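my_file15.csv follows; it contains CSV, C-alpha atoms.
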```
chain,number,residue,atom,x,y,z
A,1,VAL,CA,-16.2,9.9,13.4
A,2,VAL,CA,-13.9,6.9,13.4
A,3,GLU,CA,-13.0,5.2,16.7
A,4,ARG,CA,-10.1,2.8,17.0
A,5,LYS,CA,-9.0,0.6,19.9
A,6,MET,CA,-5.8,-1.4,19.7
A,7,ASN,CA,-5.5,-4.8,21.3
A,8,GLY,CA,-2.2,-6.3,20.3
A,9,ASP,CA,-2.3,-6.8,16.6
A,10,LYS,CA,-6.1,-6.7,16.6
A,11,GLU,CA,-7.8,-3.4,15.9
A,12,SER,CA,-11.5,-2.7,16.1
A,13,THR,CA,-12.5,0.1,13.8
A,14,LYS,CA,-16.0,1.7,14.1
A,15,SER,CA,-17.6,4.2,11.8
A,16,ALA,CA,-21.2,5.4,11.5
A,17,GLY,CA,-22.6,2.5,13.6
A,18,SER,CA,-20.7,-0.2,11.8
A,19,LYS,CA,-17.8,-2.1,13.2
A,20,VAL,CA,-14.9,-3.8,11.5
A,21,GLN,CA,-12.6,-6.1,13.4
A,22,ILE,CA,-9.1,-6.1,11.7
A,23,GLU,CA,-6.1,-8.2,12.4
A,24,PHE,CA,-2.7,-7.4,10.8
A,25,GLY,CA,-0.5,-10.1,9.5
A,26,GLU,CA,2.8,-10.8,7.7
A,27,VAL,CA,3.3,-12.1,4.2
A,28,THR,CA,4.5,-15.7,4.0
A,29,ASP,CA,4.9,-18.2,1.2
A,30,LYS,CA,1.6,-19.8,2.4
A,31,ASN,CA,-0.5,-16.7,1.9
A,32,LEU,CA,0.9,-15.4,-1.4
A,33,GLY,CA,-2.1,-16.8,-3.3
A,34,GLN,CA,-4.4,-14.7,-1.2
A,35,VAL,CA,-2.4,-11.6,-1.9
A,36,LYS,CA,-2.5,-12.3,-5.6
A,37,LYS,CA,-6.3,-12.7,-5.5
A,38,LEU,CA,-6.7,-9.5,-3.5
A,39,ASN,CA,-4.6,-7.6,-6.0
A,40,GLN,CA,-6.5,-9.0,-9.0
A,41,VAL,CA,-9.7,-7.7,-7.4
A,42,ILE,CA,-8.4,-4.3,-6.4
A,43,PHE,CA,-6.0,-3.2,-9.2
A,44,PRO,CA,-6.5,-2.9,-12.9
A,45,VAL,CA,-2.8,-3.9,-13.4
A,46,ARG,CA,-1.8,-7.6,-13.4
A,47,TYR,CA,1.4,-8.5,-11.5
A,48,GLY,CA,3.5,-11.4,-12.6
A,49,ASP,CA,4.6,-14.4,-10.7
A,50,LYS,CA,8.0,-12.8,-9.9
A,51,PHE,CA,6.2,-10.0,-8.0
A,52,TYR,CA,4.6,-12.5,-5.6
A,53,LYS,CA,7.6,-14.8,-5.4
A,54,ASP,CA,9.8,-11.9,-4.3
A,55,LEU,CA,7.3,-10.5,-1.7
A,56,PRO,CA,8.6,-12.6,1.3
A,57,GLN,CA,12.0,-11.0,0.7
A,58,HIS,CA,10.3,-7.6,1.5
A,59,ALA,CA,8.2,-8.9,4.5
A,60,GLU,CA,9.3,-6.1,6.8
A,61,PHE,CA,7.6,-3.6,4.5
A,62,THR,CA,4.6,-5.7,3.6
A,63,LYS,CA,1.6,-5.8,5.9
A,64,LEU,CA,-1.7,-7.6,5.4
A,65,ALA,CA,-5.1,-6.7,6.9
A,66,TYR,CA,-7.6,-9.4,7.7
A,67,HIS,CA,-11.3,-9.3,8.7
A,68,THR,CA,-12.6,-12.6,10.1
A,69,ASP,CA,-9.6,-14.4,8.5
A,70,ILE,CA,-10.3,-12.9,5.1
A,71,LEU,CA,-7.6,-10.8,3.5
A,72,VAL,CA,-9.2,-7.4,2.9
A,73,GLY,CA,-6.2,-5.1,2.4
A,74,ALA,CA,-2.4,-5.0,2.0
A,75,VAL,CA,0.6,-2.8,1.5
A,76,CYS,CA,3.6,-4.2,-0.4
A,77,CYS,CA,6.9,-2.3,-0.5
A,78,ARG,CA,10.5,-2.8,-1.4
A,79,ILE,CA,13.7,-0.8,-0.8
A,80,GLU,CA,15.4,0.5,-4.0
A,81,ASP,CA,18.8,2.1,-4.4
A,82,LYS,CA,19.4,1.4,-0.7
A,83,ASN,CA,17.7,4.7,0.3
A,84,LYS,CA,14.3,4.8,-1.4
A,85,LEU,CA,11.2,2.9,-0.3
A,86,TYR,CA,8.9,2.0,-3.2
A,87,ILE,CA,5.2,1.3,-2.5
A,88,MET,CA,4.5,-1.4,-5.1
A,89,THR,CA,0.8,-1.7,-4.0
A,90,LEU,CA,-1.5,-0.4,-1.3
A,91,GLY,CA,-5.1,-1.4,-1.5
A,92,VAL,CA,-8.2,-2.3,0.4
A,93,LEU,CA,-11.3,-4.1,-0.9
A,94,ALA,CA,-14.1,-1.7,-1.7
A,95,PRO,CA,-16.5,-2.7,1.2
A,96,TYR,CA,-13.8,-2.1,3.7
A,97,ARG,CA,-12.7,1.3,2.5
A,98,ARG,CA,-13.5,4.5,4.6
A,99,PHE,CA,-12.7,2.6,7.8
A,100,GLY,CA,-9.1,3.9,8.0
A,101,LEU,CA,-7.4,0.6,6.9
A,102,GLY,CA,-5.5,2.3,4.1
A,103,LYS,CA,-4.3,5.0,6.6
A,104,GLN,CA,-3.2,2.3,9.0
A,105,LEU,CA,-1.3,0.4,6.3
A,106,LEU,CA,0.4,3.5,5.0
A,107,THR,CA,1.2,4.7,8.6
A,108,HIS,CA,2.9,1.3,9.3
A,109,VAL,CA,5.2,1.8,6.3
A,110,LEU,CA,5.9,5.5,7.1
A,111,ASP,CA,6.8,4.6,10.7
A,112,LEU,CA,9.1,1.8,9.6
A,113,ALA,CA,10.8,4.1,7.1
A,114,LYS,CA,11.3,6.9,9.6
A,115,ASP,CA,13.1,4.4,11.9
A,116,ARG,CA,15.6,3.7,9.1
A,117,PRO,CA,17.9,6.8,8.7
A,118,ASN,CA,19.2,5.4,5.3
A,119,ILE,CA,15.7,5.7,3.8
A,120,THR,CA,15.4,9.3,2.5
A,121,SER,CA,12.2,9.1,0.5
A,122,ILE,CA,9.1,7.0,-0.3
A,123,TYR,CA,7.6,6.9,-3.7
A,124,LEU,CA,4.9,5.2,-5.8
A,125,HIS,CA,3.2,5.3,-9.2
A,126,VAL,CA,-0.5,6.2,-9.5
A,127,GLN,CA,-2.6,6.2,-12.6
A,128,ILE,CA,-3.3,9.9,-13.5
A,129,SER,CA,-7.1,9.3,-13.4
A,130,ASN,CA,-7.1,7.8,-9.8
A,131,ASP,CA,-8.0,11.0,-8.0
A,132,ASP,CA,-9.0,9.1,-4.8
A,133,ALA,CA,-5.5,7.6,-4.5
A,134,ILE,CA,-3.7,10.9,-5.4
A,135,ASN,CA,-5.7,12.8,-2.8
A,136,PHE,CA,-5.1,10.0,-0.2
A,137,TYR,CA,-1.3,10.2,-0.6
A,138,LYS,CA,-1.3,14.0,-0.6
A,139,LYS,CA,-2.9,14.0,2.9
A,140,PHE,CA,0.3,12.2,4.0
A,141,GLY,CA,2.7,14.7,2.4
A,142,PHE,CA,3.3,13.0,-0.9
A,143,GLU,CA,3.8,15.3,-3.9
A,144,VAL,CA,3.5,14.7,-7.6
A,145,LYS,CA,7.2,14.7,-8.8
A,146,GLU,CA,6.7,13.7,-12.5
A,147,THR,CA,4.3,12.3,-15.1
A,148,ILE,CA,5.3,9.2,-17.0
A,149,GLU,CA,3.6,8.8,-20.4
A,150,ASN,CA,2.5,5.2,-21.3
A,151,TYR,CA,3.7,3.7,-18.1
A,152,TYR,CA,0.8,1.2,-18.0
A,153,LYS,CA,0.5,-1.3,-20.9
A,154,ARG,CA,-3.1,-2.6,-20.8
A,155,ILE,CA,-5.1,0.1,-19.0
A,156,GLU,CA,-6.5,3.5,-19.9
A,157,PRO,CA,-5.3,6.1,-19.4
A,158,PRO,CA,-1.8,4.5,-19.6
A,159,HIS,CA,-0.1,7.5,-17.9
A,160,CYS,CA,1.0,7.7,-14.3
A,161,TYR,CA,2.2,10.2,-11.7
A,162,VAL,CA,5.2,9.5,-9.5
A,163,LEU,CA,4.2,10.6,-6.0
A,164,GLU,CA,7.1,11.0,-3.5
A,165,LYS,CA,7.5,12.0,0.1
A,166,ASN,CA,10.9,13.2,1.2
A,167,LEU,CA,11.7,11.9,4.6
A,168,SER,CA,15.1,13.5,5.2
A,169,ALA,CA,13.6,16.8,6.2
A,170,SER,CA,10.9,15.3,8.4
A,171,GLN,CA,12.9,12.7,10.3
```
Have the structure of the file written as structure tokens, please.
Amino acid sequence: VVERKMNGDKESTKSAGSKVQIEFGEVTDKNLGQVKKLNQVIFPVRYGDKFYKDLPQHAEFTKLAYHTDILVGAVCCRIEDKNKLYIMTLGVLAPYRRFGLGKQLLTHVLDLAKDRPNITSIYLHVQISNDDAINFYKKFGFEVKETIENYYKRIEPPHCYVLEKNLSASQ
């Protein structure tokens, strides 16, 4: 059982006797280094400097999750082709998983997208061996749309699925 209480931008999440205080924040030029370190720990893929330099341009669709002023999770998205929202990254540090942080980050993005009638779908790439991520997104209505061979350059397996959620029917 997970219990949540909202207090402004602070959220207390409790599960199985443990409690995690979370504050949500925005991406800024000053915390890009933290986001980069977080991604290096969570993801097997390395993102270039341009990825981080461009993040503040997508601040509306990027949300950071802090526990005692330590960045423990983030979702980073951008709009593509004026009508698709691309989830570039969504991750939570391992000790903070199973507290609903990923769900909260994704829900934030879904809610923003639903308020934008021009956004008709949300999509992302997931390594084909990442069953946890695939199942997580399927719970939110994402479907596997295609497989891309050799999408990743330095990780095994190199193939990915494109997962997509069509919003036009659900808005």
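With only C-alpha atoms taken into account, the protein and nucleic acid residues at most 9 Å from region 79-87 of chain A (excluding it and anything under 2 positions from it in its own chain) are A:His58, A:Phe61, A:Val75, A:Cys76, A:Cys77, A:Thr89, A:Leu90, A:Val109, A:Ala113, A:Pro117, A:Asn118, A:Ile119, A:Thr120, A:Ser121, A:Ile122, A:Tyr123, A:Leu124, A:His125.
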>> For region 134-148 of chain A, find every residue with an atom within 6 Å (counting all atoms listed in the file), except residues of its own chain fewer than 4 positions away, and show them as a PyMOL selection string.
In response: chain A and resi 159-165
Would you list the contacts of Val72 (chain A) as a PDB file with C-alpha atoms, in the frame of the given file, taking every protein, DNA or RNA residue within 7 Å and counting only C-alpha atoms, but skipping same-chain residues closer than 5 positions in sequence?
```pdb
ATOM      1  CA  ALA A  65      -5.100  -6.700   6.900  1.00  0.00           C
ATOM      2  CA  TYR A  66      -7.600  -9.400   7.700  1.00  0.00           C
ATOM      3  CA  HIS A  67     -11.300  -9.300   8.700  1.00  0.00           C
ATOM      4  CA  VAL A  92      -8.200  -2.300   0.400  1.00  0.00           C
ATOM      5  CA  LEU A  93     -11.300  -4.100  -0.900  1.00  0.00           C
TER       6      LEU A  93
END
```
CA of Lys114 (chain A) and CA of Leu167 (chain A), how far apart in Å?
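Taking CA of Leu167 (chain A) as the start and CA of Lys114 (chain A) as the end point, the length is 7.1 Å.
Going from CA of Asp29 (chain A) over to CA of Val45 (chain A), you cover 21.8 Å.
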Restricting to only C-alpha atoms, whichever of A:Thr28, A:Asn166, A:Gln40, A:Ser129 is closest to Asp54 (chain A) is A:Thr28
